[in-house]
Amino acid sequence: MLPKRFDPSIEKKWQEEWRKKDLYRFDINDPRPVYSIDTPPPFTSGSLHLGHVYNHVWIDIVARYKRMTGWNVLLPQGFDCHGLPTELAVERNLNIRKQDRESFLKACEKWTEDAIERMKSQFDMLAYSTDWSLSYRTMSDEYKRVVQKTLLEFYKKGLLYRGKHPVLWCWKCGTALAKAEVGYIEREGSLYYIEVDVEGGKKTTIATTRPEMMPACVAVFVHPDDERYKDIVGKKATMPIFGQSVPIIADESVDREFGTGVVYLCTFGDEQDIKWQKKYNLPVVDLITPDGKLSEVAGDFSGETIEEGRRRIVKRLEELGRIKKVEKIKHNVLSHTERSSCQTPIELLPMEQWFIRVRDLLDEVTNAARTMNWYPPYMFGRLQDWSASMDWDWVISRQRVFGTPLPFWVCEKCGKIIPADEGELPVDPRGTVKKCSCGGTALGASDVCDCWVDSSITPLVISRWGKDNSFFEKTYPVTLRPQGYEIIRTWTFYTILRNLILTGKPCFRDLMVNGMVAGPDGKKMSKSLGNIITPEEVLSKYPADALRQWAAMGSLGEDYPFSWEECEHSNKFLTKLWNVSRFVEFMVRDYVEGPKPHLRATDRWIFSRLQGLISLIRENFDRYVFTIPVQELRGFVWHELADYYIEMVKHRLYKPEIYGEESKYAAQYTLLHVLSVILRLLAPVTPHITEEIYTSLFHKKSVHLQEFPDPDESLRDPRAEELGKILIDIISRIRVYKTDRGMPLNAEIGKILIEAPDPKAVEEIEEDIRGTGHISKISVQKGPNLKVSFP
C-alpha cells in the first residue's frame, strides 16, 4: 500500500534501482528502429547549472517517450573536457605550470575526471536516462583519434590549411578565437579628432577611437561623394609623431556621418581595415604584440600596454596641438564574450594559424540544414543569417596546452605540411620533429584544436564512424540534435559542415532548440545581480519530479525564467497525484479483474475525455512541445479526475448495496484503467512518482517499460461527453447552493427541480446527480436553458 504522504526520498531509491537493473542500456541488436540523440556535452566545470537541467530534462522526456512508443533509443552523454577554464583552474588551485607539460596535462585530466563524476551524480539525481556505458570524453585517446582522423581527411580534401591572416586575438587569454566566440559590448569611450598634414600645405582632421593605432596607419579614407574632401583625394597625409606618409583614398564604405568623415586605416583596428588592406594591397604593420602591448614600431611608446600607450600618445598629440576635439561616446567594442570572466576587447593580429575552409561551403551547409526539421522552424533563420555573415574561414588552432593536438608537422626549410599517418593516431606532435623530403626538419605543430573542433564531430563519435560500419549505418544520420539557440552559429553550423564533408549526408533529422534560462527576476543569471539559482538549491526544497515539471513548462526557442512558484505548484500536483492514487488503491482493494463491465455515463465520459487527452499529448510530444501536455495532464488529474469523476462515483463505491455491485465494479474498472493511462502519460515527465505508484498498484515491471497509451477510438463518445458537461454543471450549482448557505457538501437536500432543453439527458444521469449531490428527489422538466431550483 502507498504510504499516507508522498516521500521524495523514493527518488533516490528508484535512481539506484534503475541503474542496478541497467534499465537504459542500449542494444544495437534490438529489432526496434533506432532513435539516436546527439546530446550536448556540457563543459566539465564540475557542476550543472539550471540551463543544463532545462535542456537535459527536455532530452530525457523525448528519450523516455520514444522508448515507450517502440523505439530503440540511443542516448549517450558525453563531456566537453578541453578549455581554458580548466587550465586556469589547475594553475590557480594546484600550482602546476603549463611549462611542465606532462604534469600539467595529467593534472588537467584528473581535475576533469573529478568534475565529471560530480556532474554524473547530478544527472542521476534528475533521473536522466542515459546509458553511461556509452559516455564519451573529448579528452580521451579514442575521441582525440577520431578528431585527428577527421582533420587528416579535411587536409586530404584541401580544406585545411595554414596561413598568416589577421585573427581575432584575446591577449588576456593568450589565444586566437573563432568569430563565434566574440561579440560586441557597449562601452564608454572617446572619439579623438586629430589634425594631420596633407601634402601641398593642407591639413585635415581624422576621427578615431584608437589613437594608439597611429604607428600602424597605412592609409587615410574619405567617401568619394564627400565634397569637403575632393581636393585631398590622391594626395599623401603625414601622421604626427611617427611621420609616416600614407595615401588618401576615396572609398564608398566610409561613413560620412562618423566624426569628420575622415578615417585612417591601421593594421588592424577592425574588420573594415582588413577589407581595405586587401582591396588596395596596402602594407601590414605589426603594432600589437600577443601579450597586448605596443611593439617596437611604436618607437618611444614600445612596450606600453594598449591603455597606457593610448594615454601617452594622446598626451603627446595634445602637446603638439594636434587634438582638436574629444567627444565622450558609447560605442560597440568587439570583445571575448564567450567567456563571461574575460570580456576583453579583441585585437586583430596577423599570425600564423590553422584554418578550415568555410566560405566556399556556405551554400552546401545551408542546403543541408534546410533538409532538417527545425523545432521551432524559425530557428533555421539563425543559421541562415550566420552563414550569410561569414567572411572569414574558421580558425581552428588555439594557443593552449590542454586540448586535442593538431596532427601535423611543418618544415622549417620549405614550409611543407607533413600530416600524421593514420596508424599513429592519436598523436601529440608538440616538441617532436620529422624529416622533410626536402632534407629540412619539420617541427610538430605546437597548437591544439578549438573546442568546437572536438564537439562538432559528436554525431560521428556516437555512431562509431570509421570503427563499426554496421553500428554506423543504423545510427547515422542522428535522429535528434537538442541544443540551445545561442550555439546554433557554433555547434550546429560546424557540426553540419564537418559531418556533411565527411559523410556526404546531412547529420540530423530533427533539431529541438531551447532558449536560455533566466533568473527569477527575468534577467540573465549573474553573481552581481544575486539572482543565481543552483540545481542543488532547488533539489534541497523540492523533488526532482517538481523541477522536471518546471523545465517541461518552457517553450521551444524562448528564454525561460526560473520560477519558485512553478516548482511549488508542481510539487502540489505530485501530492494531488499521490492522494488520488491512494484513494484508487484503497477503493480497488477487493477488485478482481473480470469481463469489461457495463459502463455508466460518467465512466464513458471520463474514458472519452481521456482519449482526447492521449491524442493531444502524442501530437505535442511528437513535435517536441511539452508545455501543453503537462498543463493538460495536470488539469485532467486535478479537475476531471479528482474534482469531478471521483466525486461522482463515490456513492457507487461506498454504497454498492444501494447502487449495485456491478455499478461499483464499473467504477473500480474505470478508476484503475484511467489511472494506468495517466501514469504512463506522465512517466516521461515525472519518472519517479509514476514508477512508485505504478509498481505499487499494478504489480508489473517498470512503468518505463510499458507502452505509451494510444487513443482508443471505440471509447470516444460525444454523447457521454455532453452528458458529463451537463452533470458537472448541475453538481457545480448544487455545490454553490450549499456553500452559500454554509452547508457541508455531503448534506442531504430533499428536492431539486431541473429544467433543461434535453430532459432525457438529465434523466440518463439522474442517479449520479442524486448520489453525488446527496439529493433525495429530483424533478425534471423541459426548459430553454439549464436551470437548477431548490423549492
# chains A, B, ... in the order shown; residues from 1 in each chain; ligands from 1
>>> select_by_dssp(residues="segment 258-500 of chain A", states="strand (DSSP E or B)", output="MDAnalysis selection string")
chainID A and resid 263:266 288 293:294 305 323:335 345 347:356 373:375 394:395 397:398 405 408:411 417:419 433:435 441:444 448:449 478:484
>>> residues_around(residues="Pro407 of chain A", least_positions_apart="3", cutoff="10 Å", atoms="only C-alpha atoms", output="PyMOL selection string")
chain A and resi 145+147-149+151-152+404+418-422+424-430+444-449
>>> residues_around(residues="Thr492 of chain A", least_positions_apart="2", cutoff="9 Å", atoms="only C-alpha atoms", output="NGL selection string")
:A and (383 or 456 or 481 or 483 or 487-490 or 494-497)
>>> closest_residue(among="A:Trp564, A:Trp169, A:Tyr128, A:Tyr375", to="Val625 of chain A", atoms="only C-alpha atoms")
A:Tyr375
>>> select_by_dssp(residues="segment 138-253 of chain A", states="helix (DSSP H, G or I)", output="PDB file with N, CA and C atoms, in the first residue's frame")
ATOM      1  N   ASP A 141      41.796   9.263 -25.433  1.00  0.00           N
ATOM      2  CA  ASP A 141      42.618   8.940 -26.600  1.00  0.00           C
ATOM      3  C   ASP A 141      41.753   8.557 -27.790  1.00  0.00           C
ATOM      4  N   GLU A 142      40.674   7.805 -27.558  1.00  0.00           N
ATOM      5  CA  GLU A 142      39.815   7.383 -28.661  1.00  0.00           C
ATOM      6  C   GLU A 142      39.126   8.579 -29.304  1.00  0.00           C
ATOM      7  N   TYR A 143      38.660   9.507 -28.474  1.00  0.00           N
ATOM      8  CA  TYR A 143      37.994  10.682 -29.039  1.00  0.00           C
ATOM      9  C   TYR A 143      38.992  11.527 -29.829  1.00  0.00           C
ATOM     10  N   LYS A 144      40.185  11.725 -29.264  1.00  0.00           N
ATOM     11  CA  LYS A 144      41.195  12.522 -29.978  1.00  0.00           C
ATOM     12  C   LYS A 144      41.612  11.843 -31.276  1.00  0.00           C
ATOM     13  N   ARG A 145      41.615  10.507 -31.286  1.00  0.00           N
ATOM     14  CA  ARG A 145      41.945   9.780 -32.519  1.00  0.00           C
ATOM     15  C   ARG A 145      40.942  10.121 -33.625  1.00  0.00           C
ATOM     16  N   VAL A 146      39.659  10.150 -33.269  1.00  0.00           N
ATOM     17  CA  VAL A 146      38.635  10.449 -34.278  1.00  0.00           C
ATOM     18  C   VAL A 146      38.745  11.894 -34.733  1.00  0.00           C
ATOM     19  N   VAL A 147      38.966  12.810 -33.788  1.00  0.00           N
ATOM     20  CA  VAL A 147      39.128  14.220 -34.160  1.00  0.00           C
ATOM     21  C   VAL A 147      40.284  14.372 -35.139  1.00  0.00           C
ATOM     22  N   GLN A 148      41.421  13.777 -34.812  1.00  0.00           N
ATOM     23  CA  GLN A 148      42.589  13.917 -35.677  1.00  0.00           C
ATOM     24  C   GLN A 148      42.375  13.236 -37.026  1.00  0.00           C
ATOM     25  N   LYS A 149      41.668  12.128 -37.042  1.00  0.00           N
ATOM     26  CA  LYS A 149      41.360  11.461 -38.307  1.00  0.00           C
ATOM     27  C   LYS A 149      40.530  12.381 -39.206  1.00  0.00           C
ATOM     28  N   THR A 150      39.555  13.082 -38.612  1.00  0.00           N
ATOM     29  CA  THR A 150      38.734  13.994 -39.419  1.00  0.00           C
ATOM     30  C   THR A 150      39.575  15.138 -39.975  1.00  0.00           C
ATOM     31  N   LEU A 151      40.556  15.600 -39.202  1.00  0.00           N
ATOM     32  CA  LEU A 151      41.406  16.689 -39.680  1.00  0.00           C
ATOM     33  C   LEU A 151      42.294  16.214 -40.827  1.00  0.00           C
ATOM     34  N   LEU A 152      42.778  14.986 -40.751  1.00  0.00           N
ATOM     35  CA  LEU A 152      43.558  14.438 -41.858  1.00  0.00           C
ATOM     36  C   LEU A 152      42.703  14.347 -43.122  1.00  0.00           C
ATOM     37  N   GLU A 153      41.434  13.962 -42.957  1.00  0.00           N
ATOM     38  CA  GLU A 153      40.525  13.879 -44.106  1.00  0.00           C
ATOM     39  C   GLU A 153      40.314  15.269 -44.718  1.00  0.00           C
ATOM     40  N   PHE A 154      40.132  16.276 -43.877  1.00  0.00           N
ATOM     41  CA  PHE A 154      39.946  17.637 -44.386  1.00  0.00           C
ATOM     42  C   PHE A 154      41.209  18.113 -45.106  1.00  0.00           C
ATOM     43  N   TYR A 155      42.367  17.744 -44.565  1.00  0.00           N
ATOM     44  CA  TYR A 155      43.617  18.139 -45.212  1.00  0.00           C
ATOM     45  C   TYR A 155      43.742  17.485 -46.591  1.00  0.00           C
ATOM     46  N   LYS A 156      43.390  16.199 -46.678  1.00  0.00           N
ATOM     47  CA  LYS A 156      43.443  15.496 -47.967  1.00  0.00           C
ATOM     48  C   LYS A 156      42.524  16.142 -49.000  1.00  0.00           C
ATOM     49  N   LYS A 179      35.156  33.435 -34.782  1.00  0.00           N
ATOM     50  CA  LYS A 179      34.220  34.555 -34.807  1.00  0.00           C
ATOM     51  C   LYS A 179      33.054  34.325 -33.858  1.00  0.00           C
ATOM     52  N   ALA A 180      32.678  33.067 -33.702  1.00  0.00           N
ATOM     53  CA  ALA A 180      31.541  32.751 -32.849  1.00  0.00           C
ATOM     54  C   ALA A 180      31.841  32.963 -31.368  1.00  0.00           C
ATOM     55  N   GLU A 181      33.115  33.154 -31.013  1.00  0.00           N
ATOM     56  CA  GLU A 181      33.478  33.330 -29.605  1.00  0.00           C
ATOM     57  C   GLU A 181      33.539  34.796 -29.198  1.00  0.00           C
ATOM     58  N   PRO A 211      43.614  56.237 -30.996  1.00  0.00           N
ATOM     59  CA  PRO A 211      44.812  56.985 -31.406  1.00  0.00           C
ATOM     60  C   PRO A 211      46.096  56.189 -31.223  1.00  0.00           C
ATOM     61  N   GLU A 212      46.098  55.179 -30.326  1.00  0.00           N
ATOM     62  CA  GLU A 212      47.307  54.380 -30.111  1.00  0.00           C
ATOM     63  C   GLU A 212      47.660  53.538 -31.326  1.00  0.00           C
ATOM     64  N   MET A 213      46.715  53.402 -32.295  1.00  0.00           N
ATOM     65  CA  MET A 213      46.987  52.630 -33.503  1.00  0.00           C
ATOM     66  C   MET A 213      47.730  53.438 -34.572  1.00  0.00           C
ATOM     67  N   MET A 214      47.962  54.706 -34.314  1.00  0.00           N
ATOM     68  CA  MET A 214      48.567  55.589 -35.320  1.00  0.00           C
ATOM     69  C   MET A 214      49.896  55.065 -35.880  1.00  0.00           C
ATOM     70  N   PRO A 215      50.765  54.421 -35.083  1.00  0.00           N
ATOM     71  CA  PRO A 215      52.023  53.910 -35.674  1.00  0.00           C
ATOM     72  C   PRO A 215      51.793  52.901 -36.796  1.00  0.00           C
ATOM     73  N   ALA A 216      50.594  52.264 -36.828  1.00  0.00           N
ATOM     74  CA  ALA A 216      50.303  51.259 -37.851  1.00  0.00           C
ATOM     75  C   ALA A 216      49.403  51.807 -38.958  1.00  0.00           C
ATOM     76  N   GLU A 227      31.977  66.198 -50.686  1.00  0.00           N
ATOM     77  CA  GLU A 227      32.531  67.398 -51.334  1.00  0.00           C
ATOM     78  C   GLU A 227      33.611  68.079 -50.488  1.00  0.00           C
ATOM     79  N   ARG A 228      33.588  67.839 -49.178  1.00  0.00           N
ATOM     80  CA  ARG A 228      34.555  68.503 -48.301  1.00  0.00           C
ATOM     81  C   ARG A 228      35.993  68.070 -48.589  1.00  0.00           C
ATOM     82  N   TYR A 229      36.133  66.900 -49.174  1.00  0.00           N
ATOM     83  CA  TYR A 229      37.485  66.335 -49.270  1.00  0.00           C
ATOM     84  C   TYR A 229      37.896  65.979 -50.692  1.00  0.00           C
TER      85      TYR A 229
END
>>> atom_distance(atom1="atom CA of Lys324 of chain A", atom2="atom CA of Ile194 of chain A")
6.0 Å
>>> closest_residue(among="A:Asn95, A:Ser129, A:Ser732, A:Gln15", to="Gly773 of chain A", atoms="only C-alpha atoms")
A:Ser732
>>> residues_around(residues="Cys266 of chain A", least_positions_apart="6", cutoff="12 Å", atoms="only C-alpha atoms", output="PyMOL selection string")
chain A and resi 208-221+239+244+246+272-277+282-288+347-349
>>> closest_residue(among="A:Glu11, A:Phe408, A:Thr739, A:Glu722", to="Val433 of chain A", atoms="only C-alpha atoms")
A:Phe408
>>> residues_around(residues="segment 658-667 of chain A", least_positions_apart="6", cutoff="6 Å", atoms="only C-alpha atoms", output="list in words")
Pro597, Leu599 and Arg652 of chain A
>>> write_last_selection(atoms="N, CA, C and O atoms", output="PDB file, in the first residue's frame")
ATOM      1  N   PRO A 597     -17.057  -4.313 -17.804  1.00  0.00           N
ATOM      2  CA  PRO A 597     -18.399  -4.084 -17.276  1.00  0.00           C
ATOM      3  C   PRO A 597     -19.226  -3.157 -18.165  1.00  0.00           C
ATOM      4  O   PRO A 597     -18.713  -2.549 -19.105  1.00  0.00           O
ATOM      5  N   LEU A 599     -20.537   0.165 -18.686  1.00  0.00           N
ATOM      6  CA  LEU A 599     -20.089   1.465 -18.201  1.00  0.00           C
ATOM      7  C   LEU A 599     -21.250   2.444 -18.116  1.00  0.00           C
ATOM      8  O   LEU A 599     -22.081   2.525 -19.030  1.00  0.00           O
ATOM      9  N   ARG A 652     -21.244   5.195  -5.657  1.00  0.00           N
ATOM     10  CA  ARG A 652     -21.259   3.837  -6.214  1.00  0.00           C
ATOM     11  C   ARG A 652     -20.236   2.943  -5.512  1.00  0.00           C
ATOM     12  O   ARG A 652     -20.448   1.736  -5.357  1.00  0.00           O
TER      13      ARG A 652
END
>>> atom_distance(atom1="atom CA of Glu721 of chain A", atom2="atom CA of Ile778 of chain A")
21.9 Å
>>> residues_around(residues="Ser437 of chain A", least_positions_apart="5", cutoff="10 Å", atoms="only C-alpha atoms", output="list in words")
Cys411, Cys414, Lys416, Ile418 and Ala442 of chain A
>>> write_last_selection(atoms="N, CA, C and O atoms", output="PDB file, in the first residue's frame")
ATOM      1  N   CYS A 411      57.645  21.983 -42.087  1.00  0.00           N
ATOM      2  CA  CYS A 411      59.081  22.038 -42.383  1.00  0.00           C
ATOM      3  C   CYS A 411      59.616  23.456 -42.223  1.00  0.00           C
ATOM      4  O   CYS A 411      59.055  24.413 -42.783  1.00  0.00           O
ATOM      5  N   CYS A 414      61.200  24.419 -46.094  1.00  0.00           N
ATOM      6  CA  CYS A 414      60.363  24.675 -47.272  1.00  0.00           C
ATOM      7  C   CYS A 414      58.910  25.009 -46.934  1.00  0.00           C
ATOM      8  O   CYS A 414      58.120  25.362 -47.815  1.00  0.00           O
ATOM      9  N   LYS A 416      56.591  22.991 -46.003  1.00  0.00           N
ATOM     10  CA  LYS A 416      55.663  21.899 -46.313  1.00  0.00           C
ATOM     11  C   LYS A 416      54.991  21.377 -45.038  1.00  0.00           C
ATOM     12  O   LYS A 416      55.623  21.257 -43.992  1.00  0.00           O
ATOM     13  N   ILE A 418      53.420  18.265 -43.125  1.00  0.00           N
ATOM     14  CA  ILE A 418      53.503  16.800 -43.128  1.00  0.00           C
ATOM     15  C   ILE A 418      52.432  16.264 -42.174  1.00  0.00           C
ATOM     16  O   ILE A 418      52.519  16.473 -40.963  1.00  0.00           O
ATOM     17  N   ALA A 442      61.125  19.153 -39.966  1.00  0.00           N
ATOM     18  CA  ALA A 442      59.738  19.579 -39.762  1.00  0.00           C
ATOM     19  C   ALA A 442      59.423  19.541 -38.271  1.00  0.00           C
ATOM     20  O   ALA A 442      59.629  18.524 -37.610  1.00  0.00           O
TER      21      ALA A 442
END
